[in-house]
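Asks: This is the structure I want to talk about, given as structure tokens.
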Protein chains: 2
Amino acid sequence: MPKLDLKSIPQTNTTGYPAEFADIVAERWYRRLAPASGITDFGVSHVELKPGAWSAQRHWHENEDEFLVMLSGKAVLVDDAGEVELAAGDCATFPKNDGNGHCVINKSAEPCEFIVVGQNENGPCHYPDVDMYWSGRGRITRKYGTPI
Amino acid sequence: MPKLDLKSIPQTNTTGYPAEFADIVAERWYRRLAPASGITDFGVSHVELKPGAWSAQRHWHENEDEFLVMLSGKAVLVDDAGEVELAAGDCATFPKNDGNGHCVINKSAEPCEFIVVGQNENGPCHYPDVDMYWSGRGRITRKYGTPI
């Protein structure tokens, strides 16, 4: 059946961030739903943020649109305009190359869950608040490609 | 801000189905979130099914993967394997070209809501239960392209 058994899909907190920038995502637990279910047109992640966890360092993609819908709990969406609360059913989109770094932070005392959709080949990613850059291939570097 | 004000995005029950097959989607109310928010990599619809409404005639796409996540209420996912209930937080994927016609029916007494994601250019679509076919361009026809 097409209905997914989420609990059977491995949950991971793996990150490619270098250690100095990775503490905020240590309690970001996610499941990759597309490879687990045979779809390839786009990527879908089910993300659980424990209290205090961030979805990512604040970032924007050059070549990847993103869509997020909250499923449970509460979180704060942070971007250049400030902060706004997200609760179950709230949706947000992050158009590619808009230069507006965004992330979602669980500032509540309970876990929260959301779905995020993006392309599979997502190219360069910029992180305005930290000295980090991802070309879309290989390891994350400092800005201008300097190895970390 | 990237957070969407869903109520400001027009909701429609428009369908391209010919009248003889359209009654089941008359109370399918949807919002197209991608054009409203400037993303183009994939399509996203917020769908509300009133009691008794269907998401679509049971169908499968040759060239379009689909992903669905329930937001509120209850619905029944129907495919070749039978029926399974969907409640808030449940996810389903429909891989392209799997030949397994699917739809979601609200058999409850309350509205339900879900998000569905797909590609924008979705090519041929097959409807196993009715004499209908969509080439991906122009009007829906009967099977083998006969005009309705």
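By convention here, the chains of the structure tokens are called A, B, ... in the order presented, each chain's residues are numbered starting at 1, and ligands are numbered starting at 1 in the order presented.
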Once chain B has been least-squares superposed onto chain A, matching all their Cα atoms in order, can you return it as a short mmCIF file (atom, residue, chain, number, x, y, z; two decimals) with C-alpha atoms, in the first residue's frame?
Replies:
```cif
data_model
loop_
_atom_site.label_atom_id
_atom_site.label_comp_id
_atom_site.auth_asym_id
_atom_site.auth_seq_id
_atom_site.Cartn_x
_atom_site.Cartn_y
_atom_site.Cartn_z
CA MET B 1 0.00 -0.02 0.00
CA PRO B 2 1.13 3.54 -0.66
CA LYS B 3 0.52 4.52 2.98
CA LEU B 4 3.89 4.76 4.69
CA ASP B 5 4.72 3.07 7.96
CA LEU B 6 6.84 5.92 9.29
CA LYS B 7 8.14 3.94 12.24
CA SER B 8 9.66 1.37 9.87
CA ILE B 9 11.70 4.04 8.05
CA PRO B 10 15.05 4.65 9.74
CA GLN B 11 15.33 7.89 11.68
CA THR B 12 18.73 9.57 11.78
CA ASN B 13 20.35 12.71 13.16
CA THR B 14 23.30 12.53 10.77
CA THR B 15 24.69 15.85 9.53
CA GLY B 16 27.41 16.93 7.14
CA TYR B 17 28.04 20.06 9.21
CA PRO B 18 31.50 20.38 10.72
CA ALA B 19 31.50 19.86 14.48
CA GLU B 20 31.74 23.55 15.33
CA PHE B 21 28.36 24.22 13.66
CA ALA B 22 26.62 20.92 14.37
CA ASP B 23 25.45 21.24 17.97
CA ILE B 24 22.15 22.86 17.02
CA VAL B 25 21.12 19.91 14.83
CA ALA B 26 22.14 17.14 17.22
CA GLU B 27 18.48 16.65 18.17
CA ARG B 28 17.11 17.00 14.64
CA TRP B 29 15.81 13.53 13.80
CA TYR B 30 14.70 12.90 10.24
CA ARG B 31 13.46 10.21 7.90
CA ARG B 32 14.04 10.31 4.13
CA LEU B 33 10.65 9.28 2.74
CA ALA B 34 11.39 9.34 -1.00
CA PRO B 35 14.07 6.63 -1.21
CA ALA B 36 12.09 4.56 1.27
CA SER B 37 9.03 4.60 -0.94
CA GLY B 38 10.32 4.63 -4.50
CA ILE B 39 9.72 8.22 -5.60
CA THR B 40 12.47 10.22 -7.27
CA ASP B 41 10.99 13.47 -8.66
CA PHE B 42 11.62 15.30 -5.40
CA GLY B 43 12.89 14.67 -1.89
CA VAL B 44 10.63 14.48 1.18
CA SER B 45 11.82 14.42 4.77
CA HIS B 46 9.82 13.83 7.93
CA VAL B 47 11.61 15.84 10.59
CA GLU B 48 11.27 15.76 14.37
CA LEU B 49 12.93 18.53 16.34
CA LYS B 50 13.42 17.86 20.02
CA PRO B 51 13.14 20.91 22.29
CA GLY B 52 15.95 23.33 21.45
CA ALA B 53 16.86 21.76 18.11
CA TRP B 54 17.16 23.66 14.85
CA SER B 55 16.20 22.38 11.38
CA ALA B 56 19.49 23.68 10.01
CA GLN B 57 21.83 26.61 10.23
CA ARG B 58 19.99 29.54 8.70
CA HIS B 59 20.49 29.06 4.95
CA TRP B 60 19.24 29.66 1.42
CA HIS B 61 19.67 27.55 -1.70
CA GLU B 62 20.64 28.89 -5.11
CA ASN B 63 18.85 26.17 -7.05
CA GLU B 64 16.34 24.50 -4.73
CA ASP B 65 12.81 25.49 -3.84
CA GLU B 66 11.64 24.19 -0.47
CA PHE B 67 8.19 23.64 1.03
CA LEU B 68 7.41 22.94 4.69
CA VAL B 69 4.21 21.94 6.45
CA MET B 70 3.96 21.57 10.23
CA LEU B 71 2.40 18.39 11.55
CA SER B 72 2.56 18.72 15.33
CA GLY B 73 3.96 20.90 18.08
CA LYS B 74 5.21 24.43 17.66
CA ALA B 75 8.33 25.96 16.15
CA VAL B 76 9.68 29.36 15.20
CA LEU B 77 10.52 30.18 11.60
CA VAL B 78 13.49 32.55 11.45
CA ASP B 79 14.50 34.56 8.41
CA ASP B 80 15.71 38.07 7.51
CA ALA B 81 12.31 39.49 8.50
CA GLY B 82 12.42 38.11 12.03
CA GLU B 83 10.52 35.29 13.68
CA VAL B 84 7.06 33.82 13.23
CA GLU B 85 5.43 30.89 14.99
CA LEU B 86 4.47 27.73 13.13
CA ALA B 87 1.80 25.34 14.43
CA ALA B 88 0.14 22.23 12.98
CA GLY B 89 -1.19 22.90 9.49
CA ASP B 90 0.96 25.96 8.87
CA CYS B 91 2.82 25.99 5.56
CA ALA B 92 5.90 27.89 4.39
CA THR B 93 7.79 28.07 1.11
CA PHE B 94 11.38 29.08 0.49
CA PRO B 95 11.92 30.06 -3.14
CA LYS B 96 15.34 29.28 -4.57
CA ASN B 97 17.93 32.03 -4.81
CA ASP B 98 15.94 34.57 -2.77
CA GLY B 99 18.94 35.33 -0.56
CA ASN B 100 16.74 35.12 2.53
CA GLY B 101 18.34 32.69 4.96
CA HIS B 102 15.81 30.63 6.89
CA CYS B 103 15.60 27.92 9.51
CA VAL B 104 13.08 26.49 11.95
CA ILE B 105 13.85 26.33 15.67
CA ASN B 106 11.92 24.42 18.29
CA LYS B 107 11.84 26.88 21.19
CA SER B 108 9.07 24.95 22.95
CA ALA B 109 9.30 22.32 25.67
CA GLU B 110 7.80 19.57 23.49
CA PRO B 111 8.96 17.89 20.28
CA CYS B 112 7.58 19.17 16.99
CA GLU B 113 7.24 17.47 13.62
CA PHE B 114 7.10 18.74 10.06
CA ILE B 115 7.43 17.61 6.46
CA VAL B 116 9.87 19.34 4.15
CA VAL B 117 10.03 18.89 0.37
CA GLY B 118 12.88 19.88 -1.93
CA GLN B 119 14.72 18.78 -5.04
CA ASN B 120 17.21 15.99 -4.84
CA GLU B 121 20.07 17.84 -6.51
CA ASN B 122 20.13 21.04 -4.60
CA GLY B 123 23.30 22.84 -5.59
CA PRO B 124 25.02 25.67 -3.72
CA CYS B 125 23.81 26.59 -0.24
CA HIS B 126 24.64 29.78 1.66
CA TYR B 127 24.70 30.28 5.43
CA PRO B 128 24.60 33.99 6.32
CA ASP B 129 25.24 33.61 10.06
CA VAL B 130 28.25 31.28 10.08
CA ASP B 131 31.48 30.84 8.12
CA MET B 132 30.19 27.88 6.14
CA TYR B 133 29.33 27.17 2.49
CA TRP B 134 28.20 24.13 0.56
CA SER B 135 28.84 23.88 -3.17
CA GLY B 136 26.25 21.13 -3.53
CA ARG B 137 28.96 18.50 -3.91
CA GLY B 138 31.45 17.03 -1.51
CA ARG B 139 32.20 18.43 1.92
CA ILE B 140 31.01 21.65 3.46
CA THR B 141 33.72 24.30 3.51
CA ARG B 142 34.24 27.75 4.94
CA LYS B 143 33.10 30.61 2.74
CA TYR B 144 35.03 30.95 -0.53
CA GLY B 145 35.77 27.22 -0.43
CA THR B 146 38.43 27.22 2.28
CA PRO B 147 38.54 23.74 3.90
CA ILE B 148 37.30 23.47 7.48
#
```
Asks: Could you tell me, as a ChimeraX atom specification, which residues of chain B DSSP assigns to strand (DSSP E or B) when given the backbone?
Replies: /B:3,12,28-32,43-49,54,59-61,66-72,74-79,82-87,91-94,102-105,112-118,125-126,133-134,141
Asks: As a list in words, list the residues of region 19-90 of chain A assigned to helix (DSSP H, G or I) by DSSP on the backbone atoms of this structure.
Replies: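 The residues of region 19-90 of chain A classed as helix (DSSP H, G or I) are Ala19, Glu20, Phe21, Asp23, Ile24, Val25, Leu33, Ala34, Pro35, Ala36 and Ser37 of chain A.
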Asks: Take the selection from the previous step and output its residues with N, CA and C atoms, as a PDB file, in the first residue's frame.
Replies:
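Output file again08.pdb follows:
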```pdb
ATOM      1  N   ALA A  19      31.882  19.939  13.060  1.00  0.00           N
ATOM      2  CA  ALA A  19      31.512  19.854  14.478  1.00  0.00           C
ATOM      3  C   ALA A  19      31.207  21.214  15.089  1.00  0.00           C
ATOM      4  N   GLU A  20      31.923  22.234  14.676  1.00  0.00           N
ATOM      5  CA  GLU A  20      31.738  23.541  15.340  1.00  0.00           C
ATOM      6  C   GLU A  20      30.369  24.168  15.057  1.00  0.00           C
ATOM      7  N   PHE A  21      29.683  23.671  14.001  1.00  0.00           N
ATOM      8  CA  PHE A  21      28.362  24.218  13.659  1.00  0.00           C
ATOM      9  C   PHE A  21      27.241  23.199  13.831  1.00  0.00           C
ATOM     10  N   ASP A  23      26.136  21.479  16.711  1.00  0.00           N
ATOM     11  CA  ASP A  23      25.448  21.237  17.984  1.00  0.00           C
ATOM     12  C   ASP A  23      23.951  21.507  17.882  1.00  0.00           C
ATOM     13  N   ILE A  24      23.571  22.489  17.099  1.00  0.00           N
ATOM     14  CA  ILE A  24      22.151  22.866  17.015  1.00  0.00           C
ATOM     15  C   ILE A  24      21.293  21.807  16.329  1.00  0.00           C
ATOM     16  N   VAL A  25      21.913  20.940  15.530  1.00  0.00           N
ATOM     17  CA  VAL A  25      21.127  19.911  14.823  1.00  0.00           C
ATOM     18  C   VAL A  25      21.298  18.517  15.442  1.00  0.00           C
ATOM     19  N   LEU A  33      11.817  10.058   3.170  1.00  0.00           N
ATOM     20  CA  LEU A  33      10.653   9.281   2.739  1.00  0.00           C
ATOM     21  C   LEU A  33      10.714   8.879   1.266  1.00  0.00           C
ATOM     22  N   ALA A  34      11.398   9.655   0.441  1.00  0.00           N
ATOM     23  CA  ALA A  34      11.393   9.346  -1.000  1.00  0.00           C
ATOM     24  C   ALA A  34      12.142   8.044  -1.301  1.00  0.00           C
ATOM     25  N   PRO A  35      13.386   7.916  -0.899  1.00  0.00           N
ATOM     26  CA  PRO A  35      14.068   6.642  -1.214  1.00  0.00           C
ATOM     27  C   PRO A  35      13.403   5.446  -0.542  1.00  0.00           C
ATOM     28  N   ALA A  36      12.749   5.677   0.588  1.00  0.00           N
ATOM     29  CA  ALA A  36      12.091   4.567   1.286  1.00  0.00           C
ATOM     30  C   ALA A  36      10.827   4.105   0.575  1.00  0.00           C
ATOM     31  N   SER A  37      10.336   4.929  -0.350  1.00  0.00           N
ATOM     32  CA  SER A  37       9.038   4.600  -0.947  1.00  0.00           C
ATOM     33  C   SER A  37       9.056   4.630  -2.465  1.00  0.00           C
TER      34      SER A  37
END
```
